[in-house]
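The file work.cif contains mmCIF, C-alpha atoms:
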data_run
loop_
_atom_site.label_atom_id
_atom_site.label_comp_id
_atom_site.auth_asym_id
_atom_site.auth_seq_id
_atom_site.Cartn_x
_atom_site.Cartn_y
_atom_site.Cartn_z
CA MET F 15 29.60 22.73 -14.29
CA THR F 16 28.24 23.37 -10.84
CA VAL F 17 25.55 25.75 -9.72
CA GLU F 18 26.04 28.30 -6.94
CA THR F 19 24.92 27.26 -3.48
CA ASP F 20 21.74 28.36 -1.75
CA THR F 21 22.70 31.12 0.68
CA SER F 22 19.15 32.27 1.36
CA SER F 23 18.52 30.28 4.51
CA GLU F 24 19.45 31.51 7.96
CA LYS F 25 19.11 27.96 9.23
CA PHE F 26 21.56 26.54 6.67
CA ASN F 27 24.16 29.16 7.55
CA GLY F 28 24.47 27.59 10.98
CA TYR F 29 25.60 24.25 9.53
CA SER F 30 29.22 23.43 8.83
CA GLU F 31 28.44 22.93 5.12
CA PRO F 32 25.46 25.17 4.34
CA GLY F 33 25.86 24.36 0.64
CA ARG F 34 24.79 20.76 1.19
CA LEU F 35 21.15 21.79 1.42
CA VAL F 36 18.79 23.74 -0.78
CA THR F 37 15.39 25.24 -0.03
CA GLY F 38 12.29 24.70 -2.13
CA ASP F 39 12.42 28.34 -3.21
CA TRP F 40 15.95 28.00 -4.45
CA LEU F 41 15.30 24.75 -6.28
CA GLN F 42 12.14 26.00 -7.95
CA GLU F 43 14.01 29.07 -9.13
CA HIS F 44 16.94 27.04 -10.47
CA LEU F 45 15.03 24.24 -12.22
CA GLY F 46 16.34 23.73 -15.72
CA ARG F 47 19.60 25.54 -15.01
CA PRO F 48 22.50 23.96 -16.93
CA GLY F 49 24.73 22.01 -14.58
CA LEU F 50 21.90 21.15 -12.19
CA VAL F 51 20.31 17.69 -12.12
CA VAL F 52 17.46 16.91 -9.73
CA VAL F 53 17.18 13.29 -8.57
CA GLU F 54 14.24 11.71 -6.76
CA SER F 55 14.98 8.66 -4.64
CA ASP F 56 12.11 7.03 -2.73
CA GLU F 57 11.28 3.99 -0.71
CA ASP F 58 8.33 3.32 -3.01
CA VAL F 59 9.58 2.48 -6.49
CA LEU F 60 6.43 3.95 -8.14
CA LEU F 61 6.05 7.17 -6.20
CA TYR F 62 8.10 9.12 -8.74
CA GLU F 63 5.71 8.02 -11.48
CA THR F 64 2.73 9.51 -9.63
CA GLY F 65 4.31 12.94 -10.02
CA HIS F 66 7.78 14.40 -9.57
CA ILE F 67 9.58 17.71 -9.70
CA PRO F 68 9.66 18.83 -13.35
CA GLY F 69 12.78 17.50 -15.03
CA ALA F 70 13.81 15.30 -12.09
CA VAL F 71 15.16 11.83 -12.83
CA LYS F 72 14.54 8.80 -10.64
CA VAL F 73 17.24 6.71 -8.99
CA ASP F 74 15.93 3.63 -7.22
CA TRP F 75 18.00 2.20 -4.38
CA HIS F 76 16.90 -1.42 -4.84
CA THR F 77 17.08 -1.76 -8.57
CA GLU F 78 19.76 0.76 -9.51
CA LEU F 79 22.17 1.47 -6.65
CA ASN F 80 22.44 -2.11 -5.39
CA ASP F 81 24.39 -4.78 -7.16
CA PRO F 82 21.81 -7.27 -8.42
CA VAL F 83 23.65 -10.29 -7.04
CA VAL F 84 26.12 -9.46 -4.30
CA ARG F 85 25.00 -7.50 -1.22
CA ASP F 86 26.92 -4.42 -2.29
CA TYR F 87 26.56 -1.31 -4.39
CA VAL F 88 27.18 -1.14 -8.09
CA ASP F 89 30.81 -0.89 -9.13
CA GLY F 90 32.53 1.95 -10.95
CA GLN F 91 31.31 0.82 -14.35
CA GLY F 92 27.77 0.31 -13.07
CA PHE F 93 27.72 3.74 -11.48
CA ALA F 94 29.09 5.36 -14.63
CA ASP F 95 26.41 3.62 -16.72
CA LEU F 96 23.70 4.67 -14.27
CA LEU F 97 24.68 8.32 -14.08
CA GLY F 98 25.27 8.43 -17.82
CA ARG F 99 21.72 7.17 -18.39
CA LYS F 100 20.36 9.77 -16.00
CA GLY F 101 22.13 12.57 -17.83
CA ILE F 102 24.47 13.45 -14.99
CA SER F 103 28.00 14.71 -15.63
CA ARG F 104 30.82 14.31 -13.16
CA ASP F 105 30.92 18.03 -12.36
CA ASP F 106 27.14 18.58 -12.25
CA THR F 107 25.39 19.78 -9.13
CA VAL F 108 23.01 17.03 -8.05
CA VAL F 109 20.10 17.83 -5.75
CA ILE F 110 18.41 14.74 -4.32
CA TYR F 111 15.01 14.58 -2.66
CA GLY F 112 12.65 11.82 -1.67
CA ASP F 113 9.93 10.44 0.56
CA LYS F 114 10.17 9.59 4.27
CA ASN F 115 12.08 12.72 5.25
CA ASN F 116 14.77 12.02 2.68
CA TRP F 117 15.84 8.59 4.00
CA TRP F 118 16.50 7.25 0.56
CA ALA F 119 17.67 10.59 -0.73
CA ALA F 120 20.34 10.64 1.99
CA TYR F 121 21.18 7.04 1.17
CA ALA F 122 21.61 7.90 -2.51
CA LEU F 123 23.71 10.93 -1.57
CA TRP F 124 25.94 8.70 0.51
CA VAL F 125 26.38 6.23 -2.36
CA PHE F 126 27.14 9.11 -4.76
CA SER F 127 29.75 10.22 -2.22
CA LEU F 128 31.38 6.77 -2.20
CA PHE F 129 32.10 7.43 -5.86
CA GLY F 130 33.41 10.88 -5.05
CA HIS F 131 30.70 12.83 -6.83
CA GLU F 132 31.64 16.21 -5.49
CA ASP F 133 28.57 18.41 -5.49
CA VAL F 134 25.58 16.51 -4.21
CA ARG F 135 22.96 18.19 -2.05
CA LEU F 136 19.62 17.46 -0.43
CA LEU F 137 16.37 19.36 -0.78
CA ASP F 138 15.55 20.23 2.83
CA GLY F 139 12.26 18.59 3.79
CA GLY F 140 12.22 16.31 0.76
CA ARG F 141 9.27 15.39 -1.38
CA ASP F 142 6.56 15.93 1.21
CA LYS F 143 7.56 19.49 2.00
CA TRP F 144 7.84 20.37 -1.70
CA ILE F 145 4.31 19.10 -2.29
CA ALA F 146 2.96 20.66 0.93
CA GLU F 147 4.24 24.02 -0.27
CA GLY F 148 2.22 23.63 -3.45
CA ARG F 149 5.23 23.57 -5.72
CA PRO F 150 5.08 22.13 -9.25
CA ILE F 151 4.78 18.39 -9.78
CA THR F 152 4.43 16.65 -13.12
CA THR F 153 3.96 13.19 -14.54
CA ASP F 154 5.67 14.25 -17.78
CA ALA F 155 8.58 11.96 -18.49
CA SER F 156 12.02 13.45 -18.04
CA ASN F 157 14.18 12.61 -21.03
CA PRO F 158 17.72 13.34 -19.98
CA THR F 159 20.42 13.51 -22.63
CA PRO F 160 22.82 10.69 -21.80
CA THR F 161 26.26 11.73 -20.67
CA ASP F 162 29.61 10.05 -20.66
CA TYR F 163 30.14 9.72 -16.93
CA PRO F 164 33.68 8.53 -16.15
CA VAL F 165 34.32 5.17 -14.53
CA VAL F 166 35.48 6.01 -11.03
CA GLN F 167 36.34 3.29 -8.55
CA ARG F 168 34.24 3.36 -5.43
CA ASP F 169 36.19 4.33 -2.32
CA ASP F 170 34.72 2.55 0.71
CA SER F 171 37.58 3.44 3.03
CA ALA F 172 36.45 6.81 4.36
CA LEU F 173 32.66 6.80 4.48
CA ARG F 174 31.69 3.15 4.75
CA ALA F 175 32.25 0.65 7.55
CA TYR F 176 32.20 -3.12 7.14
CA LYS F 177 31.46 -5.52 9.97
CA ASP F 178 35.18 -6.11 10.63
CA ASP F 179 35.73 -2.36 10.81
CA VAL F 180 33.00 -2.12 13.42
CA LEU F 181 34.53 -4.96 15.43
CA ALA F 182 37.84 -3.11 15.40
CA HIS F 183 36.06 0.10 16.30
CA LEU F 184 34.46 -1.32 19.48
CA GLY F 185 35.83 0.55 22.47
CA GLU F 186 37.79 2.90 20.22
CA GLY F 187 35.09 5.35 19.21
CA PRO F 188 31.42 6.14 19.45
CA LEU F 189 28.73 4.14 17.70
CA ILE F 190 25.31 5.60 17.00
CA ASP F 191 22.32 3.30 16.63
CA VAL F 192 19.58 5.21 14.83
CA ARG F 193 16.84 2.56 14.97
CA SER F 194 13.69 2.69 17.07
CA PRO F 195 14.00 2.10 20.83
CA GLU F 196 12.31 -1.31 20.43
CA GLU F 197 14.90 -2.43 17.92
CA TYR F 198 17.69 -1.06 20.12
CA ASP F 199 16.64 -2.83 23.30
CA GLY F 200 16.12 -6.09 21.44
CA SER F 201 12.37 -6.47 21.81
CA ARG F 202 12.08 -6.53 18.02
CA THR F 203 14.38 -6.88 15.04
CA SER F 204 12.59 -4.76 12.44
CA ALA F 205 11.24 -1.22 12.60
CA PRO F 206 7.71 -1.03 13.99
CA ALA F 207 5.38 -1.76 11.08
CA TYR F 208 8.22 -2.83 8.82
CA PRO F 209 8.73 -6.24 7.32
CA GLU F 210 10.99 -8.71 9.01
CA GLU F 211 14.22 -8.73 7.07
CA GLY F 212 15.85 -11.61 8.70
CA ALA F 213 18.02 -10.65 11.68
CA LEU F 214 18.28 -13.66 13.95
CA ARG F 215 19.01 -11.81 17.17
CA GLY F 216 17.66 -8.62 18.71
CA GLY F 217 19.60 -5.89 20.50
CA HIS F 218 22.38 -3.50 19.60
CA ILE F 219 26.12 -3.34 19.12
CA PRO F 220 27.68 -3.00 22.61
CA SER F 221 28.50 0.61 23.55
CA ALA F 222 26.29 2.06 20.79
CA ARG F 223 24.19 5.01 21.85
CA SER F 224 20.56 5.13 20.81
CA VAL F 225 19.63 8.23 18.83
CA PRO F 226 16.64 7.47 16.57
CA TRP F 227 17.19 9.15 13.20
CA ALA F 228 13.96 11.17 13.40
CA ARG F 229 15.29 13.24 16.29
CA ALA F 230 17.21 15.21 13.66
CA VAL F 231 13.97 16.13 11.87
CA ALA F 232 12.00 19.30 12.61
CA GLU F 233 8.23 19.62 12.58
CA ASP F 234 8.26 20.90 9.00
CA GLY F 235 10.09 17.78 7.82
CA GLY F 236 13.40 19.59 7.30
CA PHE F 237 16.51 19.22 9.44
CA ARG F 238 16.60 20.72 12.92
CA THR F 239 18.74 23.80 13.48
CA ARG F 240 22.43 23.63 14.29
CA GLU F 241 21.72 24.47 17.94
CA GLU F 242 19.11 21.75 18.27
CA LEU F 243 21.36 19.18 16.60
CA ASP F 244 24.34 20.14 18.74
CA ALA F 245 22.18 19.75 21.84
CA ILE F 246 21.39 16.18 20.84
CA TYR F 247 24.61 14.86 19.36
CA ARG F 248 27.25 16.85 21.25
CA ASP F 249 25.68 17.74 24.60
CA GLU F 250 23.48 14.73 25.18
CA VAL F 251 25.38 11.94 23.41
CA GLY F 252 28.81 13.44 23.97
CA LEU F 253 30.19 13.32 20.45
CA ALA F 254 33.26 15.54 20.23
CA ASP F 255 35.41 16.93 17.43
CA GLY F 256 38.02 14.42 16.41
CA ASP F 257 35.83 11.41 17.21
CA ALA F 258 35.73 8.60 14.70
CA ILE F 259 32.01 7.81 14.52
CA VAL F 260 30.11 4.86 13.05
CA ALA F 261 26.34 5.03 12.51
CA TYR F 262 24.11 2.07 11.72
CA CYS F 263 20.47 1.04 11.51
CA ARG F 264 18.84 -2.01 9.95
CA ILE F 265 20.03 -1.87 6.35
CA GLY F 266 21.89 1.44 6.27
CA GLU F 267 19.24 3.81 4.95
CA ARG F 268 18.11 5.54 8.14
CA SER F 269 21.73 5.78 9.25
CA SER F 270 22.57 7.55 5.97
CA HIS F 271 20.23 10.28 7.19
CA THR F 272 22.14 10.52 10.48
CA TRP F 273 25.46 10.20 8.63
CA PHE F 274 24.49 13.27 6.60
CA VAL F 275 23.66 15.20 9.76
CA LEU F 276 26.92 14.32 11.49
CA LYS F 277 29.15 14.70 8.46
CA HIS F 278 27.74 17.67 6.61
CA LEU F 279 25.62 19.61 9.08
CA LEU F 280 27.67 19.20 12.26
CA GLY F 281 31.07 18.89 10.62
CA PHE F 282 32.43 15.70 12.16
CA GLU F 283 35.20 14.67 9.82
CA ASP F 284 35.39 10.94 10.37
CA VAL F 285 31.89 9.51 10.10
CA ARG F 286 31.21 6.14 8.53
CA ASN F 287 27.93 4.43 7.73
CA TYR F 288 27.80 0.72 8.54
CA ASP F 289 25.39 -0.38 5.81
CA GLY F 290 25.52 -4.04 6.79
CA SER F 291 23.79 -2.76 9.91
CA TRP F 292 21.53 -4.91 12.03
CA THR F 293 20.52 -7.33 9.28
CA GLU F 294 24.18 -8.35 9.18
CA TRP F 295 25.27 -7.87 12.80
CA GLY F 296 22.11 -9.45 14.24
CA SER F 297 22.70 -12.58 12.16
CA ALA F 298 26.48 -12.84 12.32
CA VAL F 299 27.98 -15.66 14.37
CA ARG F 300 29.66 -14.78 17.67
CA VAL F 301 29.65 -11.01 17.42
CA PRO F 302 28.93 -9.30 20.74
CA ILE F 303 25.39 -8.01 21.29
CA ALA F 304 23.89 -5.99 24.11
CA THR F 305 20.20 -5.98 24.99
CA GLY F 306 18.10 -3.61 27.04
CA ALA F 307 18.07 0.17 27.11
CA ASP F 308 21.69 0.57 28.27
CA PRO F 309 24.50 0.81 25.74
CA GLY F 310 26.54 -1.88 27.47
CA GLN F 311 30.30 -2.24 27.48
CA ALA F 312 32.53 -2.80 24.49
CA PRO F 313 34.14 -6.20 25.03
CA ALA F 314 37.64 -6.26 26.47
CA ARG F 315 40.36 -7.05 23.98
CA MET M 5 -0.77 -34.30 -6.47
CA THR M 6 -2.95 -31.95 -8.43
CA GLU M 7 -1.51 -29.12 -10.40
CA ALA M 8 -2.55 -25.73 -9.09
CA VAL M 9 -4.65 -23.93 -11.68
CA LEU M 10 -4.34 -20.18 -11.83
CA PRO M 11 -7.81 -18.58 -12.04
CA ASP M 12 -8.49 -16.89 -15.38
CA ARG M 13 -8.50 -13.34 -14.09
CA LEU M 14 -5.13 -13.75 -12.38
CA ALA M 15 -3.70 -15.47 -15.45
CA GLU M 16 -4.91 -12.55 -17.58
CA ILE M 17 -3.28 -10.06 -15.25
CA ARG M 18 -0.03 -12.02 -15.32
CA ASP M 19 -0.05 -12.22 -19.13
CA GLU M 20 -0.82 -8.53 -19.35
CA PHE M 21 2.40 -7.84 -17.42
CA LEU M 22 4.51 -10.39 -19.24
CA GLU M 23 3.50 -9.11 -22.68
CA LEU M 24 5.00 -5.72 -21.88
CA PRO M 25 8.69 -4.87 -22.10
CA GLU M 26 10.12 -4.92 -18.58
CA ALA M 27 10.42 -1.15 -18.28
CA ASP M 28 6.73 -0.61 -19.10
CA ARG M 29 5.51 -3.01 -16.43
CA LEU M 30 5.92 -0.38 -13.73
CA GLN M 31 3.48 1.84 -15.59
CA LEU M 32 0.94 -0.98 -15.65
CA LEU M 33 1.42 -1.52 -11.93
CA LEU M 34 0.78 2.19 -11.47
CA GLU M 35 -2.46 1.87 -13.43
CA TYR M 36 -3.51 -0.94 -11.13
CA SER M 37 -2.73 1.23 -8.14
CA TYR M 38 -5.15 3.87 -9.42
CA GLU M 39 -7.79 1.18 -9.91
CA LEU M 40 -7.75 -0.12 -6.35
CA PRO M 41 -11.50 -0.35 -5.70
CA PRO M 42 -12.79 1.78 -2.83
CA ILE M 43 -13.76 -0.15 0.23
CA PRO M 44 -17.50 -0.83 0.55
CA ASP M 45 -19.56 1.56 2.67
CA GLU M 46 -20.35 -1.02 5.32
CA LEU M 47 -16.61 -1.49 6.00
CA GLU M 48 -15.83 2.21 5.99
CA GLY M 49 -14.91 3.39 9.47
CA HIS M 50 -14.34 -0.14 10.78
CA PRO M 51 -10.57 -0.48 10.93
CA GLU M 52 -10.94 -3.33 13.44
CA LEU M 53 -12.21 -5.55 10.64
CA TYR M 54 -8.99 -5.10 8.68
CA GLU M 55 -5.80 -7.05 8.96
CA ARG M 56 -2.53 -5.17 8.57
CA VAL M 57 -0.12 -6.67 6.04
CA LEU M 58 3.10 -6.51 7.99
CA GLU M 59 5.19 -7.75 5.08
CA CYS M 60 4.60 -4.45 3.31
CA GLN M 61 6.61 -1.41 4.28
CA SER M 62 3.64 0.89 3.80
CA PRO M 63 0.47 0.69 5.85
CA VAL M 64 -1.86 -1.58 3.92
CA PHE M 65 -4.90 -3.29 5.39
CA ILE M 66 -6.97 -6.06 3.88
CA VAL M 67 -10.28 -7.68 4.68
CA VAL M 68 -11.59 -10.76 2.93
CA GLU M 69 -15.24 -11.75 2.99
CA VAL M 70 -16.71 -15.12 2.10
CA ASP M 71 -20.47 -15.08 1.50
CA ASP M 72 -22.95 -17.90 2.09
CA ALA M 73 -22.41 -19.24 -1.39
CA GLY M 74 -18.67 -19.48 -0.71
CA THR M 75 -17.75 -16.56 -2.98
CA VAL M 76 -14.79 -14.44 -1.95
CA ALA M 77 -14.49 -10.66 -1.94
CA MET M 78 -11.23 -8.98 -1.05
CA HIS M 79 -10.97 -5.31 -0.07
CA ALA M 80 -7.86 -3.35 0.68
CA THR M 81 -6.83 0.12 1.67
CA ALA M 82 -3.41 1.71 1.30
CA PRO M 83 -2.27 5.34 1.17
CA ALA M 84 -1.77 7.20 -2.09
CA GLU M 85 1.89 7.74 -1.15
CA ALA M 86 2.39 3.98 -1.42
CA PRO M 87 1.52 3.29 -5.06
CA THR M 88 3.49 0.05 -5.29
CA THR M 89 1.63 -1.42 -2.37
CA ARG M 90 -1.67 -0.11 -3.74
CA GLY M 91 -0.89 -1.76 -7.07
CA PHE M 92 -0.24 -5.11 -5.42
CA ALA M 93 -3.44 -4.83 -3.39
CA SER M 94 -5.39 -3.85 -6.49
CA ILE M 95 -4.17 -6.87 -8.47
CA LEU M 96 -5.19 -9.21 -5.70
CA ALA M 97 -8.51 -7.49 -4.96
CA GLN M 98 -9.44 -7.61 -8.64
CA GLY M 99 -8.05 -11.09 -9.17
CA LEU M 100 -9.49 -12.84 -6.13
CA THR M 101 -12.88 -11.15 -5.81
CA GLY M 102 -15.61 -13.32 -7.29
CA LEU M 103 -13.66 -16.56 -6.99
CA SER M 104 -14.78 -19.50 -4.89
CA ALA M 105 -13.00 -20.08 -1.62
CA ALA M 106 -11.43 -23.22 -3.04
CA ASP M 107 -10.07 -21.35 -6.06
CA VAL M 108 -8.54 -18.67 -3.87
CA LEU M 109 -6.86 -21.27 -1.72
CA ALA M 110 -5.48 -22.96 -4.83
CA VAL M 111 -3.66 -19.83 -6.04
CA PRO M 112 0.03 -20.69 -5.89
CA GLY M 113 1.94 -18.74 -3.25
CA ASP M 114 4.53 -17.74 -5.83
CA PHE M 115 2.00 -15.96 -8.06
CA PRO M 116 3.57 -12.54 -7.24
CA GLN M 117 6.91 -13.80 -8.52
CA THR M 118 5.43 -14.79 -11.88
CA LEU M 119 4.38 -11.27 -12.88
CA GLY M 120 7.75 -10.37 -14.32
CA LEU M 121 8.19 -7.54 -11.82
CA THR M 122 10.96 -8.98 -9.70
CA ARG M 123 13.73 -7.10 -11.47
CA VAL M 124 11.98 -3.75 -11.87
CA VAL M 125 10.39 -3.75 -8.43
CA SER M 126 12.94 -5.86 -6.49
CA PRO M 127 12.45 -9.20 -4.70
CA LEU M 128 12.09 -7.56 -1.29
CA ARG M 129 9.16 -5.47 -2.44
CA ILE M 130 7.55 -8.42 -4.20
CA SER M 131 7.63 -10.29 -0.90
CA GLY M 132 5.14 -7.71 0.37
CA MET M 133 2.66 -8.91 -2.22
CA THR M 134 3.32 -12.51 -1.28
CA GLY M 135 2.54 -11.62 2.33
CA MET M 136 -0.70 -10.03 1.21
CA LEU M 137 -1.74 -13.11 -0.78
CA LEU M 138 -0.93 -15.51 2.06
CA ARG M 139 -2.87 -13.38 4.54
CA ALA M 140 -5.86 -13.27 2.18
CA GLN M 141 -5.78 -17.04 1.85
CA ARG M 142 -5.54 -17.43 5.61
CA GLN M 143 -8.61 -15.23 6.04
CA VAL M 144 -10.52 -17.26 3.45
CA ARG M 145 -9.59 -20.45 5.27
CA ALA M 146 -10.72 -19.04 8.60
CA LYS M 147 -13.93 -17.55 7.26
CA SER M 148 -15.02 -20.57 5.26
CA ALA M 149 -14.41 -23.05 8.07
CA GLY M 150 -17.49 -24.51 9.75
#
Mind converting the file's structure to structure tokens?
Amino acid sequence: MTVETDTSSEKFNGYSEPGRLVTGDWLQEHLGRPGLVVVESDEDVLLYETGHIPGAVKVDWHTELNDPVVRDYVDGQGFADLLGRKGISRDDTVVIYGDKNNWWAAYALWVFSLFGHEDVRLLDGGRDKWIAEGRPITTDASNPTPTDYPVVQRDDSALRAYKDDVLAHLGEGPLIDVRSPEEYDGSRTSAPAYPEEGALRGGHIPSARSVPWARAVAEDGGFRTREELDAIYRDEVGLADGDAIVAYCRIGERSSHTWFVLKHLLGFEDVRNYDGSWTEWGSAVRVPIATGADPGQAPAR
Amino acid sequence: MTEAVLPDRLAEIRDEFLELPEADRLQLLLEYSYELPPIPDELEGHPELYERVLECQSPVFIVVEVDDAGTVAMHATAPAEAPTTRGFASILAQGLTGLSAADVLAVPGDFPQTLGLTRVVSPLRISGMTGMLLRAQRQVRAKSAG
């Protein structure tokens, strides 16, 4: 059972899928509504325990969405077990929120989408905005009633790009690099103030345009308006309807944020997230790399 | 080769974690995060004395002092929005403070991996604590030289 969408926001109405976002007002009003499950997904694995939206369940990207051995996501059985434990049914409306302007929330939303979970939305502005607005937070444990979530095979073909897909994509369509300018030009391989996660080379995928993820974020921590986003991604970067677009970052979390913007807010139909991202590309043998501030040319075939 | 001996306080902390079922260990880490001792007044307002732990994703800064008697004190500061990092810092600040420089240097570098948190916290996050320990030891080495 799904819950009606939030139609209260003028800003949302400008997006191609206004129903993909909810406001704090809407969420607070709908808490506890049958068919609605609120999920918190953070970078910090303990942040949820310090206080969360009443009734929200936690989904951790490291320990729950990733396969424990292979660099991949859980499989259909693993996802069914996870969502069953969290009390989520296949036709529930899921609203995800988190820290860091919803990086990990967008990442979780993208993984849910790989499994075709239909109605999954983000709380605009995430955890920080909810707290800044003085909305309720609790440390009371949420005790969801387990559900029998069906085993659905993950479909990586439409929303996810592997390294070989990106190689084939070079020169065929736009690439968006959402990392910091220093990571893009090759002067460093991890985000400023982030741990080194092992890329052996610095730079970017040739022809990729640099659009740091945070450009899509407004001062209040929510997404920028449709007009502002169009000015960046269409007017400045030149993305056009019909483009097949691949976004990447360092491990795929910041690019999930941009993926959400391109796919659900701006309505580009073919947008894939390359989750291998720089930690894979920057360490792979003999893949082309460009350095400096210019995108560089896709290699000739 | 001498076997590294884990100081009592660190061994107690480790056992405290290992005695709990895996799922409850996060709660204990959270309790440690709340117990991170405040930094002493004389260090307050002196960010230049602190070393940033780059291995951690959240901004955490540590400073290690070695007094004339060779006793170590470790202080750390990390934001409330980074409870995991605060918990790691708290374990080390509580576990290393009061030890001799030699004892701190003898703490095995894999201590963070022995707390039974790797699965519930993830190896990547645990490596942040390892970075913190190694930086603390480096400071002890530098400050007890000469």
**Item:** Picked residues, the PyMOL selection byres ((chain F and resi 235-239) around 10), expected as a count of residues only
**Value:** 34
For M:Val68, find every residue with an atom within 9 Å (counting only C-alpha atoms), except residues of its own chain fewer than 6 positions away, and show them as a PDB file with C-alpha atoms, keeping the file's coordinate frame.
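Saved file selection31.pdb follows:
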ATOM      1  CA  TYR M  54      -8.990  -5.100   8.680  1.00  0.00           C
ATOM      2  CA  VAL M  76     -14.790 -14.440  -1.950  1.00  0.00           C
ATOM      3  CA  ALA M  77     -14.490 -10.660  -1.940  1.00  0.00           C
ATOM      4  CA  MET M  78     -11.230  -8.980  -1.050  1.00  0.00           C
ATOM      5  CA  HIS M  79     -10.970  -5.310  -0.070  1.00  0.00           C
ATOM      6  CA  ALA M  80      -7.860  -3.350   0.680  1.00  0.00           C
ATOM      7  CA  THR M 101     -12.880 -11.150  -5.810  1.00  0.00           C
ATOM      8  CA  ALA M 140      -5.860 -13.270   2.180  1.00  0.00           C
ATOM      9  CA  GLN M 141      -5.780 -17.040   1.850  1.00  0.00           C
ATOM     10  CA  GLN M 143      -8.610 -15.230   6.040  1.00  0.00           C
ATOM     11  CA  VAL M 144     -10.520 -17.260   3.450  1.00  0.00           C
ATOM     12  CA  LYS M 147     -13.930 -17.550   7.260  1.00  0.00           C
TER      13      LYS M 147
END
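With only C-alpha atoms as the atoms that count, the residue of F:Val83, F:Val125, F:Val260, F:Val165 with the shortest distance to chain M is F:Val83.
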**Message:** I'd like to see the residues matched by the PyMOL selection byres ((chain M and resi 11-16) around 12) on this file, and ideally I'd get them as a count of residues only.
**Reply:** 33
**Prompt:** Expanded to explicit residues, what is the PyMOL selection byres ((chain M and resi 123) around 12) for this file, as a list in words?
**Reply:**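 Given this file, the PyMOL selection byres ((chain M and resi 123) around 12) evaluates to Val59, Asp74, His76, Thr77, Glu78, Asn80, Asp81, Pro82 and Val83 of chain F; Pro25, Glu26, Ala27, Arg29, Leu30, Gln117, Thr118, Leu119, Gly120, Leu121, Thr122, Val124, Val125, Ser126, Pro127, Leu128, Arg129 and Ile130 of chain M.
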**Complete:** Separating atom CA of F:Thr19 from atom CA of F:Val108, to the nearest tenth of an Å, is a gap of 11.4 Å
**Message:** Env of F:Arg202: 10 Å cut, atoms = only C-alpha atoms, seq-sep filter 4 positions within chain, self excluded. Answer as a ChimeraX atom specification.
**Reply:** /F:194-198,206,210,213,215-217
Could the residues of chain M within 8 Å of chain F, counting all atoms listed in the file, be given as a PDB file with C-alpha atoms, in the frame of the given file, please?
ATOM      1  CA  LEU M  30       5.920  -0.380 -13.730  1.00  0.00           C
ATOM      2  CA  GLN M  31       3.480   1.840 -15.590  1.00  0.00           C
ATOM      3  CA  LEU M  34       0.780   2.190 -11.470  1.00  0.00           C
ATOM      4  CA  LEU M  58       3.100  -6.510   7.990  1.00  0.00           C
ATOM      5  CA  GLU M  59       5.190  -7.750   5.080  1.00  0.00           C
ATOM      6  CA  CYS M  60       4.600  -4.450   3.310  1.00  0.00           C
ATOM      7  CA  GLN M  61       6.610  -1.410   4.280  1.00  0.00           C
ATOM      8  CA  SER M  62       3.640   0.890   3.800  1.00  0.00           C
ATOM      9  CA  PRO M  63       0.470   0.690   5.850  1.00  0.00           C
ATOM     10  CA  GLU M  85       1.890   7.740  -1.150  1.00  0.00           C
ATOM     11  CA  ALA M  86       2.390   3.980  -1.420  1.00  0.00           C
ATOM     12  CA  PRO M  87       1.520   3.290  -5.060  1.00  0.00           C
ATOM     13  CA  THR M  88       3.490   0.050  -5.290  1.00  0.00           C
ATOM     14  CA  ARG M 123      13.730  -7.100 -11.470  1.00  0.00           C
ATOM     15  CA  VAL M 124      11.980  -3.750 -11.870  1.00  0.00           C
ATOM     16  CA  VAL M 125      10.390  -3.750  -8.430  1.00  0.00           C
ATOM     17  CA  SER M 126      12.940  -5.860  -6.490  1.00  0.00           C
ATOM     18  CA  GLY M 132       5.140  -7.710   0.370  1.00  0.00           C
TER      19      GLY M 132
END
**Message:** What's the separation between atom CA of F:Asp39 and atom CA of F:Ser269, in Å to one decimal place?
**Reply:**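 Between atom CA of F:Asp39 and atom CA of F:Ser269 the gap works out to 27.4 Å.
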(28.5, 29.6, -15.2) in this file's frame - what residues fall within 12 Å of it? Use all atoms listed in the file and give the answer as a short mmCIF file (atom, residue, chain, number, x, y, z; two decimals) with C-alpha atoms, in the coordinates of the input.
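Saved file result_10.cif follows:
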data_model
loop_
_atom_site.label_atom_id
_atom_site.label_comp_id
_atom_site.auth_asym_id
_atom_site.auth_seq_id
_atom_site.Cartn_x
_atom_site.Cartn_y
_atom_site.Cartn_z
CA MET F 15 29.60 22.73 -14.29
CA THR F 16 28.24 23.37 -10.84
CA VAL F 17 25.55 25.75 -9.72
CA GLU F 18 26.04 28.30 -6.94
CA ARG F 47 19.60 25.54 -15.01
CA PRO F 48 22.50 23.96 -16.93
CA GLY F 49 24.73 22.01 -14.58
CA LEU F 50 21.90 21.15 -12.19
CA ASP F 106 27.14 18.58 -12.25
CA THR F 107 25.39 19.78 -9.13
#
**Request:** Kindly give the distance, in Å, that separates atom CA of F:Ala120 and atom CA of F:Glu267, rounded to a single decimal.
**Result:** 7.5 Å
**Request:** Tell me which protein, DNA and RNA residues are within 7 Å of stretch 176-192 of chain F, counting only C-alpha atoms, leaving out same-chain ones fewer than 6 positions away, and put them as a count of residues only.
**Result:** 19
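Nearest residue to F:Thr152, choosing from F:Pro313, F:Gly69, F:Arg264, F:Ser291 and counting only C-alpha atoms: F:Gly69.
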